[in-house]
>>> print(open('data_38.pdb').read())   # PDB, C-alpha atoms and all ligand atoms
ATOM      1  CA  MET A   1      12.801 -20.930   2.557
ATOM      2  CA  THR A   2      13.642 -24.590   2.993
ATOM      3  CA  GLU A   3      16.509 -25.809   0.896
ATOM      4  CA  ASP A   4      15.838 -29.294  -0.382
ATOM      5  CA  LYS A   5      15.544 -28.314  -4.023
ATOM      6  CA  LEU A   6      15.724 -24.735  -5.131
ATOM      7  CA  TYR A   7      14.113 -22.912  -8.031
ATOM      8  CA  SER A   8      15.228 -19.695  -9.638
ATOM      9  CA  VAL A   9      12.297 -17.316 -10.136
ATOM     10  CA  ARG A  10      12.690 -14.345 -12.460
ATOM     11  CA  MET A  11      10.427 -11.452 -13.409
ATOM     12  CA  ARG A  12      10.721  -8.667 -15.971
ATOM     13  CA  ALA A  13       8.164  -6.042 -16.848
ATOM     14  CA  SER A  14       8.048  -3.264 -19.433
ATOM     15  CA  LYS A  15       5.735  -0.559 -20.747
ATOM     16  CA  TYR A  16       4.366   0.195 -24.256
ATOM     17  CA  ARG A  17       6.236  -2.729 -25.828
ATOM     18  CA  SER A  18       8.221  -5.737 -24.666
ATOM     19  CA  HIS A  19      11.928  -5.353 -23.815
ATOM     20  CA  GLU A  20      12.881  -6.976 -27.132
ATOM     21  CA  GLN A  21      10.765  -4.485 -29.055
ATOM     22  CA  GLY A  22      12.369  -1.538 -27.300
ATOM     23  CA  GLY A  23       9.768  -0.923 -24.595
ATOM     24  CA  LYS A  24      10.488   1.017 -21.411
ATOM     25  CA  HIS A  25      11.968  -1.164 -18.666
ATOM     26  CA  ILE A  26       9.756  -0.971 -15.582
ATOM     27  CA  SER A  27      10.957  -3.637 -13.187
ATOM     28  CA  GLY A  28      12.886  -6.865 -12.836
ATOM     29  CA  GLY A  29      13.518  -9.246  -9.990
ATOM     30  CA  GLU A  30      15.119 -12.544  -9.128
ATOM     31  CA  MET A  31      14.708 -14.920  -6.201
ATOM     32  CA  LEU A  32      15.627 -18.437  -5.126
ATOM     33  CA  THR A  33      12.863 -20.450  -3.533
ATOM     34  CA  SER A  34      11.725 -23.938  -2.589
ATOM     35  CA  TYR A  35       8.747 -25.443  -4.448
ATOM     36  CA  GLN A  36       6.733 -25.026  -1.280
ATOM     37  CA  ASP A  37       7.335 -21.275  -1.166
ATOM     38  CA  MET A  38       6.877 -20.740  -4.917
ATOM     39  CA  LYS A  39       3.600 -18.846  -4.513
ATOM     40  CA  ILE A  40       5.202 -16.403  -2.101
ATOM     41  CA  ALA A  41       8.085 -15.754  -4.511
ATOM     42  CA  VAL A  42       5.854 -15.322  -7.579
ATOM     43  CA  ASN A  43       3.466 -13.043  -5.685
ATOM     44  CA  THR A  44       6.358 -10.956  -4.321
ATOM     45  CA  LEU A  45       7.683 -10.371  -7.846
ATOM     46  CA  LEU A  46       4.198  -9.827  -9.303
ATOM     47  CA  ASP A  47       3.468  -7.246  -6.641
ATOM     48  CA  LYS A  48       6.823  -5.536  -7.192
ATOM     49  CA  ALA A  49       6.031  -4.948 -10.876
ATOM     50  CA  LEU A  50       2.317  -4.110 -10.522
ATOM     51  CA  THR A  51       2.955  -1.355  -7.967
ATOM     52  CA  HIS A  52       6.083   0.133  -9.501
ATOM     53  CA  PRO A  53       6.706   3.914  -9.331
ATOM     54  CA  LYS A  54       7.980   3.872 -12.953
ATOM     55  CA  GLY A  55       4.422   3.134 -14.078
ATOM     56  CA  ASN A  56       2.071   0.272 -14.806
ATOM     57  CA  PRO A  57       3.642  -2.376 -17.038
ATOM     58  CA  ASP A  58       1.957  -3.548 -20.250
ATOM     59  CA  PHE A  59       4.178  -6.629 -20.496
ATOM     60  CA  MET A  60       5.389  -8.995 -17.827
ATOM     61  CA  GLN A  61       7.056 -12.370 -17.674
ATOM     62  CA  ILE A  62       7.505 -14.466 -14.562
ATOM     63  CA  GLN A  63       9.331 -17.715 -15.007
ATOM     64  CA  PHE A  64      10.866 -20.382 -12.809
ATOM     65  CA  ASP A  65      13.369 -23.122 -13.461
ATOM     66  CA  PRO A  66      15.160 -25.671 -11.281
ATOM     67  CA  VAL A  67      18.626 -25.036  -9.874
ATOM     68  CA  ASP A  68      20.708 -28.160 -10.471
ATOM     69  CA  GLU A  69      24.114 -26.706  -9.606
ATOM     70  CA  ALA A  70      25.486 -26.669  -6.042
ATOM     71  CA  VAL A  71      24.555 -23.492  -4.185
ATOM     72  CA  GLU A  72      27.479 -21.421  -2.958
ATOM     73  CA  ARG A  73      27.102 -19.568   0.344
ATOM     74  CA  ILE A  74      28.808 -16.210   0.751
ATOM     75  CA  LYS A  75      28.864 -13.503   3.400
ATOM     76  CA  PRO A  76      27.287 -10.095   2.812
ATOM     77  CA  LEU A  77      29.743  -7.292   2.057
ATOM     78  CA  HIS A  78      30.483  -4.956   4.935
ATOM     79  CA  VAL A  79      28.095  -1.961   4.807
ATOM     80  CA  SER A  80      28.903   1.679   5.489
ATOM     81  CA  THR A  81      26.769   4.767   4.804
ATOM     82  CA  TYR A  82      27.806   8.272   3.777
ATOM     83  CA  ASP A  83      25.461  11.241   4.084
ATOM     84  CA  VAL A  84      25.918  14.077   1.631
ATOM     85  CA  THR A  85      23.871  17.256   1.189
ATOM     86  CA  THR A  86      23.770  17.493  -2.617
ATOM     87  CA  VAL A  87      23.757  15.206  -5.663
ATOM     88  CA  GLY A  88      26.980  16.874  -6.853
ATOM     89  CA  LYS A  89      28.763  15.966  -3.603
ATOM     90  CA  GLY A  90      27.351  12.437  -3.742
ATOM     91  CA  GLN A  91      28.584  11.901  -7.301
ATOM     92  CA  GLN A  92      31.999  13.357  -6.435
ATOM     93  CA  LEU A  93      32.241  10.954  -3.487
ATOM     94  CA  ALA A  94      31.221   8.018  -5.710
ATOM     95  CA  ARG A  95      34.105   8.859  -8.075
ATOM     96  CA  GLU A  96      36.541   8.992  -5.139
ATOM     97  CA  LEU A  97      35.346   5.676  -3.723
ATOM     98  CA  LEU A  98      35.669   4.018  -7.147
ATOM     99  CA  GLU A  99      39.190   5.352  -7.442
ATOM    100  CA  SER A 100      40.215   4.037  -4.038
ATOM    101  CA  ALA A 101      38.696   0.672  -4.974
ATOM    102  CA  GLY A 102      41.178   0.532  -7.857
ATOM    103  CA  VAL A 103      39.426   2.038 -10.886
ATOM    104  CA  PRO A 104      41.670   4.559 -12.705
ATOM    105  CA  LYS A 105      40.306   8.114 -12.905
ATOM    106  CA  TRP A 106      40.110   8.243 -16.692
ATOM    107  CA  ILE A 107      38.142   4.997 -16.784
ATOM    108  CA  ILE A 108      35.658   6.454 -14.298
ATOM    109  CA  GLU A 109      35.176   9.521 -16.510
ATOM    110  CA  LYS A 110      34.775   7.310 -19.558
ATOM    111  CA  ALA A 111      32.136   5.226 -17.753
ATOM    112  CA  TYR A 112      30.151   8.345 -16.846
ATOM    113  CA  HIS A 113      30.314   9.465 -20.454
ATOM    114  CA  LEU A 114      29.033   6.083 -21.632
ATOM    115  CA  LEU A 115      26.256   6.267 -19.059
ATOM    116  CA  SER A 116      24.926   9.533 -20.458
ATOM    117  CA  GLU A 117      24.421   7.850 -23.848
ATOM    118  CA  ASP A 118      22.897   4.685 -22.471
ATOM    119  CA  LEU A 119      19.595   5.199 -20.728
ATOM    120  CA  ASN A 120      16.750   2.706 -20.102
ATOM    121  CA  GLN A 121      18.971  -0.277 -19.306
ATOM    122  CA  SER A 122      17.477  -3.355 -17.707
ATOM    123  CA  GLY A 123      20.837  -4.818 -16.676
ATOM    124  CA  ALA A 124      24.455  -3.953 -15.990
ATOM    125  CA  THR A 125      27.250  -2.636 -18.215
ATOM    126  CA  LEU A 126      30.692  -4.289 -18.016
ATOM    127  CA  ILE A 127      33.668  -1.971 -18.355
ATOM    128  CA  ASP A 128      37.304  -3.062 -18.570
ATOM    129  CA  ILE A 129      39.495  -1.032 -16.168
ATOM    130  CA  HIS A 130      42.521  -1.059 -18.493
ATOM    131  CA  SER A 131      41.034  -0.022 -21.818
ATOM    132  CA  GLY A 132      37.704   1.466 -20.750
ATOM    133  CA  ALA A 133      36.101  -0.792 -23.338
ATOM    134  CA  CYS A 134      32.465  -1.751 -22.842
ATOM    135  CA  LEU A 135      32.561  -5.567 -22.809
ATOM    136  CA  ALA A 136      28.809  -6.156 -22.504
ATOM    137  CA  LYS A 137      25.520  -4.384 -21.829
ATOM    138  CA  SER A 138      22.284  -5.399 -20.112
ATOM    139  CA  VAL A 139      23.854  -8.266 -18.157
ATOM    140  CA  ARG A 140      21.210  -9.423 -15.695
ATOM    141  CA  VAL A 141      22.539 -11.030 -12.505
ATOM    142  CA  SER A 142      20.293 -13.829 -11.340
ATOM    143  CA  ARG A 143      20.048 -16.863  -9.037
ATOM    144  CA  MET A 144      20.887 -15.155  -5.763
ATOM    145  CA  ASP A 145      18.952 -14.559  -2.567
ATOM    146  CA  TRP A 146      19.131 -14.176   1.210
ATOM    147  CA  THR A 147      16.539 -15.660   3.570
ATOM    148  CA  ASN A 148      14.475 -12.956   5.262
ATOM    149  CA  ALA A 149      15.088 -14.428   8.715
ATOM    150  CA  ASN A 150      18.884 -14.319   8.342
ATOM    151  CA  PHE A 151      18.766 -10.853   6.715
ATOM    152  CA  GLN A 152      16.642  -9.472   9.562
ATOM    153  CA  MET A 153      19.053 -10.891  12.138
ATOM    154  CA  TRP A 154      21.951  -9.283  10.276
ATOM    155  CA  ALA A 155      20.139  -5.908   9.988
ATOM    156  CA  GLU A 156      19.291  -5.851  13.684
ATOM    157  CA  ASN A 157      22.841  -6.752  14.648
ATOM    158  CA  HIS A 158      24.246  -3.974  12.445
ATOM    159  CA  HIS A 159      21.632  -1.366  13.501
ATOM    160  CA  LEU A 160      20.463  -1.008   9.919
ATOM    161  CA  PRO A 161      16.853  -0.776   8.705
ATOM    162  CA  ASP A 162      15.508  -4.052   7.323
ATOM    163  CA  ASN A 163      14.922  -2.330   3.991
ATOM    164  CA  PRO A 164      14.034  -4.889   1.274
ATOM    165  CA  ARG A 165      15.582  -2.719  -1.412
ATOM    166  CA  MET A 166      18.895  -2.588   0.417
ATOM    167  CA  LYS A 167      18.674  -6.356   0.913
ATOM    168  CA  GLU A 168      18.190  -6.904  -2.809
ATOM    169  CA  ALA A 169      21.042  -4.574  -3.762
ATOM    170  CA  LEU A 170      23.397  -5.992  -1.126
ATOM    171  CA  VAL A 171      22.697  -9.548  -2.302
ATOM    172  CA  LEU A 172      23.491  -8.548  -5.878
ATOM    173  CA  ALA A 173      26.614  -6.584  -4.907
ATOM    174  CA  SER A 174      27.879  -9.438  -2.708
ATOM    175  CA  LYS A 175      27.517 -11.901  -5.592
ATOM    176  CA  VAL A 176      29.004  -9.578  -8.229
ATOM    177  CA  ASN A 177      31.985  -8.572  -6.091
ATOM    178  CA  HIS A 178      32.610 -12.160  -5.015
ATOM    179  CA  HIS A 179      33.900 -12.834  -8.538
ATOM    180  CA  VAL A 180      37.682 -12.485  -8.721
ATOM    181  CA  ALA A 181      37.569 -10.248 -11.831
ATOM    182  CA  THR A 182      35.180  -7.640 -10.373
ATOM    183  CA  VAL A 183      37.083  -4.586  -9.125
ATOM    184  CA  ALA A 184      34.107  -2.401  -8.217
ATOM    185  CA  GLU A 185      30.457  -1.700  -8.906
ATOM    186  CA  LEU A 186      28.612   1.608  -9.233
ATOM    187  CA  CYS A 187      24.837   1.687  -8.824
ATOM    188  CA  TRP A 188      21.839   3.846  -8.270
ATOM    189  CA  SER A 189      18.210   3.047  -8.860
ATOM    190  CA  ASP A 190      16.116   3.957 -11.886
ATOM    191  CA  ASP A 191      13.105   4.319  -9.580
ATOM    192  CA  PRO A 192      12.205   8.028  -9.494
ATOM    193  CA  ASP A 193      11.673   8.113  -5.736
ATOM    194  CA  TYR A 194      14.818   6.254  -4.630
ATOM    195  CA  VAL A 195      17.951   8.410  -4.600
ATOM    196  CA  THR A 196      20.350   6.338  -2.452
ATOM    197  CA  GLY A 197      23.014   4.462  -4.398
ATOM    198  CA  TYR A 198      26.325   2.767  -3.706
ATOM    199  CA  VAL A 199      29.849   1.877  -4.691
ATOM    200  CA  ALA A 200      30.805  -1.722  -3.862
ATOM    201  CA  SER A 201      34.120  -3.554  -3.909
ATOM    202  CA  LYS A 202      35.916  -6.420  -2.162
ATOM    203  CA  LYS A 203      38.328  -3.886  -0.768
ATOM    204  CA  SER A 204      35.922  -1.406   0.815
ATOM    205  CA  GLY A 205      32.603  -3.277   0.979
ATOM    206  CA  TYR A 206      29.184  -1.823   0.210
ATOM    207  CA  GLU A 207      29.414   1.959   0.523
ATOM    208  CA  ARG A 208      26.009   3.594   0.446
ATOM    209  CA  ILE A 209      25.645   7.243  -0.531
ATOM    210  CA  ASN A 210      22.340   8.828   0.460
ATOM    211  CA  LYS A 211      22.035  11.063  -2.631
ATOM    212  CA  LEU A 212      23.260  10.117  -6.094
ATOM    213  CA  LYS A 213      20.454  11.674  -8.138
ATOM    214  CA  ASP A 214      17.536  14.078  -7.883
ATOM    215  CA  SER A 215      14.117  12.831  -6.861
ATOM    216  CA  GLY A 216      11.951  12.291  -9.968
ATOM    217  CA  ASP A 217      14.896  11.201 -12.146
ATOM    218  CA  GLU A 218      14.254   7.848 -13.871
ATOM    219  CA  ASN A 219      17.825   7.282 -15.028
ATOM    220  CA  GLY A 220      19.525   4.503 -13.097
ATOM    221  CA  CYS A 221      23.023   3.088 -13.285
ATOM    222  CA  ARG A 222      24.690  -0.273 -12.852
ATOM    223  CA  ILE A 223      28.288  -0.681 -13.946
ATOM    224  CA  PHE A 224      30.661  -3.549 -13.145
ATOM    225  CA  PHE A 225      34.318  -2.525 -13.452
ATOM    226  CA  VAL A 226      36.293  -5.630 -14.336
ATOM    227  CA  ASP A 227      39.972  -6.493 -14.506
ATOM    228  CA  ASN A 228      41.585  -9.020 -16.759
ATOM    229  CA  ILE A 229      38.591 -10.985 -17.956
ATOM    230  CA  LYS A 230      39.905 -13.610 -20.305
ATOM    231  CA  ASP A 231      36.513 -15.018 -21.087
ATOM    232  CA  THR A 232      33.632 -12.534 -21.008
ATOM    233  CA  ALA A 233      31.094 -15.315 -21.658
ATOM    234  CA  ALA A 234      32.301 -17.223 -18.567
ATOM    235  CA  TYR A 235      32.034 -14.054 -16.437
ATOM    236  CA  ILE A 236      28.466 -13.495 -17.656
ATOM    237  CA  HIS A 237      27.677 -17.163 -17.084
ATOM    238  CA  TYR A 238      28.693 -16.796 -13.408
ATOM    239  CA  MET A 239      26.479 -13.687 -13.095
ATOM    240  CA  GLU A 240      23.463 -15.356 -14.689
ATOM    241  CA  LYS A 241      23.741 -18.947 -13.553
ATOM    242  CA  GLN A 242      25.850 -19.518 -10.432
ATOM    243  CA  PRO A 243      23.400 -19.962  -7.532
ATOM    244  CA  ILE A 244      24.442 -17.941  -4.490
ATOM    245  CA  LEU A 245      22.876 -17.627  -1.064
ATOM    246  CA  VAL A 246      24.031 -14.814   1.155
ATOM    247  CA  GLN A 247      24.319 -16.018   4.711
ATOM    248  CA  TRP A 248      25.444 -14.176   7.778
ATOM    249  CA  GLY A 249      26.492 -15.647  11.120
ATOM    250  CA  GLU A 250      27.449 -13.553  14.136
ATOM    251  CA  ASN A 251      30.677 -15.453  14.440
ATOM    252  CA  ASN A 252      31.744 -15.121  10.841
ATOM    253  CA  ASP A 253      31.047 -11.480  10.141
ATOM    254  CA  THR A 254      33.101  -9.898   7.363
TER
HETATM  255  N1  LIG B   1      21.330  -7.576 -12.739
HETATM  256  C1  LIG B   1      21.946  -6.586 -13.410
HETATM  257  N2  LIG B   1      21.530  -5.313 -13.402
HETATM  258  C2  LIG B   1      20.444  -5.024 -12.691
HETATM  259  C3  LIG B   1      19.747  -6.006 -11.931
HETATM  260  C4  LIG B   1      20.234  -7.333 -11.988
HETATM  261  N3  LIG B   1      19.647  -8.329 -11.338
HETATM  262  N4  LIG B   1      18.705  -5.412 -11.328
HETATM  263  C5  LIG B   1      18.753  -4.113 -11.672
HETATM  264  N5  LIG B   1      19.786  -3.872 -12.515
HETATM  265  C6  LIG B   1      20.181  -2.597 -13.148
HETATM  266  C7  LIG B   1      19.157  -2.107 -14.148
HETATM  267  O1  LIG B   1      19.815  -1.470 -15.212
HETATM  268  C8  LIG B   1      18.367  -1.078 -13.372
HETATM  269  O2  LIG B   1      17.875  -0.071 -14.195
HETATM  270  C9  LIG B   1      19.420  -0.533 -12.397
HETATM  271  O3  LIG B   1      20.315  -1.619 -12.158
HETATM  272  C10 LIG B   1      18.845  -0.086 -11.085
HETATM  273  O4  LIG B   1      18.090  -1.171 -10.530
HETATM  274  O5  LIG B   1      19.561   1.665   0.128
HETATM  275  O6  LIG B   1      17.088  -0.248  -6.365
HETATM  276  O7  LIG B   1      16.679  -2.313  -8.865
HETATM  277  O8  LIG B   1      21.413   0.494   0.066
HETATM  278  O9  LIG B   1      16.235   0.142  -9.445
HETATM  279  C11 LIG B   1      20.698   0.850  -4.283
HETATM  280  C12 LIG B   1      20.724   1.377  -2.869
HETATM  281  C13 LIG B   1      19.317   0.639  -4.856
HETATM  282  C14 LIG B   1      20.038   0.461  -1.891
HETATM  283  C15 LIG B   1      19.466   0.145  -6.263
HETATM  284  O10 LIG B   1      18.357  -0.553  -8.235
HETATM  285  C16 LIG B   1      20.365   0.891  -0.459
HETATM  286  C17 LIG B   1      18.184  -0.236  -6.936
HETATM  287  P1  LIG B   1      17.225  -0.982  -9.247
HETATM  288 MG    MG B   2      14.481  -0.175 -10.568
END
>>> encode(input="data_38.pdb", output="structure tokens", more="lines below")
Ligand code: WAQ
Ligand code: MG
Amino acid sequence: MTEDKLYSVRMRASKYRSHEQGGKHISGGEMLTSYQDMKIAVNTLLDKALTHPKGNPDFMQIQFDPVDEAVERIKPLHVSTYDVTTVGKGQQLARELLESAGVPKWIIEKAYHLLSEDLNQSGATLIDIHSGACLAKSVRVSRMDWTNANFQMWAENHHLPDNPRMKEALVLASKVNHHVATVAELCWSDDPDYVTGYVASKKSGYERINKLKDSGDENGCRIFFVDNIKDTAAYIHYMEKQPILVQWGENNDT
């Protein structure tokens, strides 16, 4: 990716009906790219949706638009991995990690309750850590990326697999937790064959847990726990519009 002028490229795909008409969310994706590399970005997102384990989409949109705002560069969150033997132990650990990141226990329980009523989301749910109120649903974070070359260097240096799914999730978590009002994030995939999830926070970094659901389960989760948001619209605006590039340098590791 060269960085003269950047474009935001976004994809969303659904089955049976469009998202607006209540169809099943299959896949979404967001990238930043130069004009020159546009074909690569569009094909990457097209391929992601056409070969998705949640099924073949009936609807898809891929769109690009220019990024006029200054791009902010941030470091990836520090990554650690926990191995558990059962989903129950993984979910218990996730609750503990959220609590040590600063989310009160009763808010965590409330969030899990909300989750059970709220399946088939294509974005994130915002929960206030004081009241437990749901401030917004289906917030889609966009305009963030990490060049493959820099990501691969980082992965090699940290003895981690250069897993594109981890890259995507770590980019998102680094952007989301870079915002001052984000206390923590809880996530696992809605893809039936991907059971690793994470808790992320400024305080403890990106904490992967190898089992947060059973294989075959299509219920995913993405919750942002937020503190003291005065202006929910401004918070969502940052998530949707602020262009962010994750960039790692050996000398400025987090
Ligand atoms: N903005 C907000 N929410 C999103 C976004 C986004 N850009 N992308 C996905 N979501 C929400 C949406 O509700 C999905 O259903 C849910 O998150 C899960 O998305 O090994 O793959 O892309 O370290 O299926 C985490 C572990 C993988 C990676 C998470 O999520 C690792 C994953 P998925
Ligand atoms: Mg998914």
>>> resolve_selection(input="data_38.pdb", expression="the PyMOL selection byres (((chain A and resi 242) around 9) and not hetatm)", output="list in words")
Glu69, Ala70, Val71, Glu72, Ser142, Arg143, Met144, His237, Tyr238, Met239, Glu240, Lys241, Pro243 and Ile244 of chain A
>>> residues_around(input="data_38.pdb", residues="A:Trp154", least_positions_apart="2", cutoff="12 Å", atoms="only C-alpha atoms", output="MDAnalysis selection string")
chainID A and resid 75:79 146:152 156:163 167 170 246:254
>>> residues_near_ligand(input="data_38.pdb", ligand="ligand LIG 1 (chain B)", cutoff="9 Å", atoms="all atoms listed in the file", output="VMD selection string")
chain A and resid 25 to 30 79 81 119 to 125 138 to 144 163 to 170 172 187 to 192 194 to 198 206 to 210 218 to 223 239 to 240
>>> closest_residue(input="data_38.pdb", among="A:Asp118, A:Glu96, A:Asp231, A:Asp217", to="ligand MG 2 (chain B)", atoms="only C-alpha atoms and all ligand atoms")
A:Asp217
>>> atom_distance(input="data_38.pdb", atom1="atom CA of A:Gly205", atom2="atom CA of A:Gly90")
17.2 Å
>>> resolve_selection(input="data_38.pdb", expression="the PyMOL selection byres (((chain A and resi 47) around 12) and not hetatm)", output="VMD selection string")
chain A and resid 11 to 13 27 to 29 39 to 46 48 to 53 56 to 57 60 62
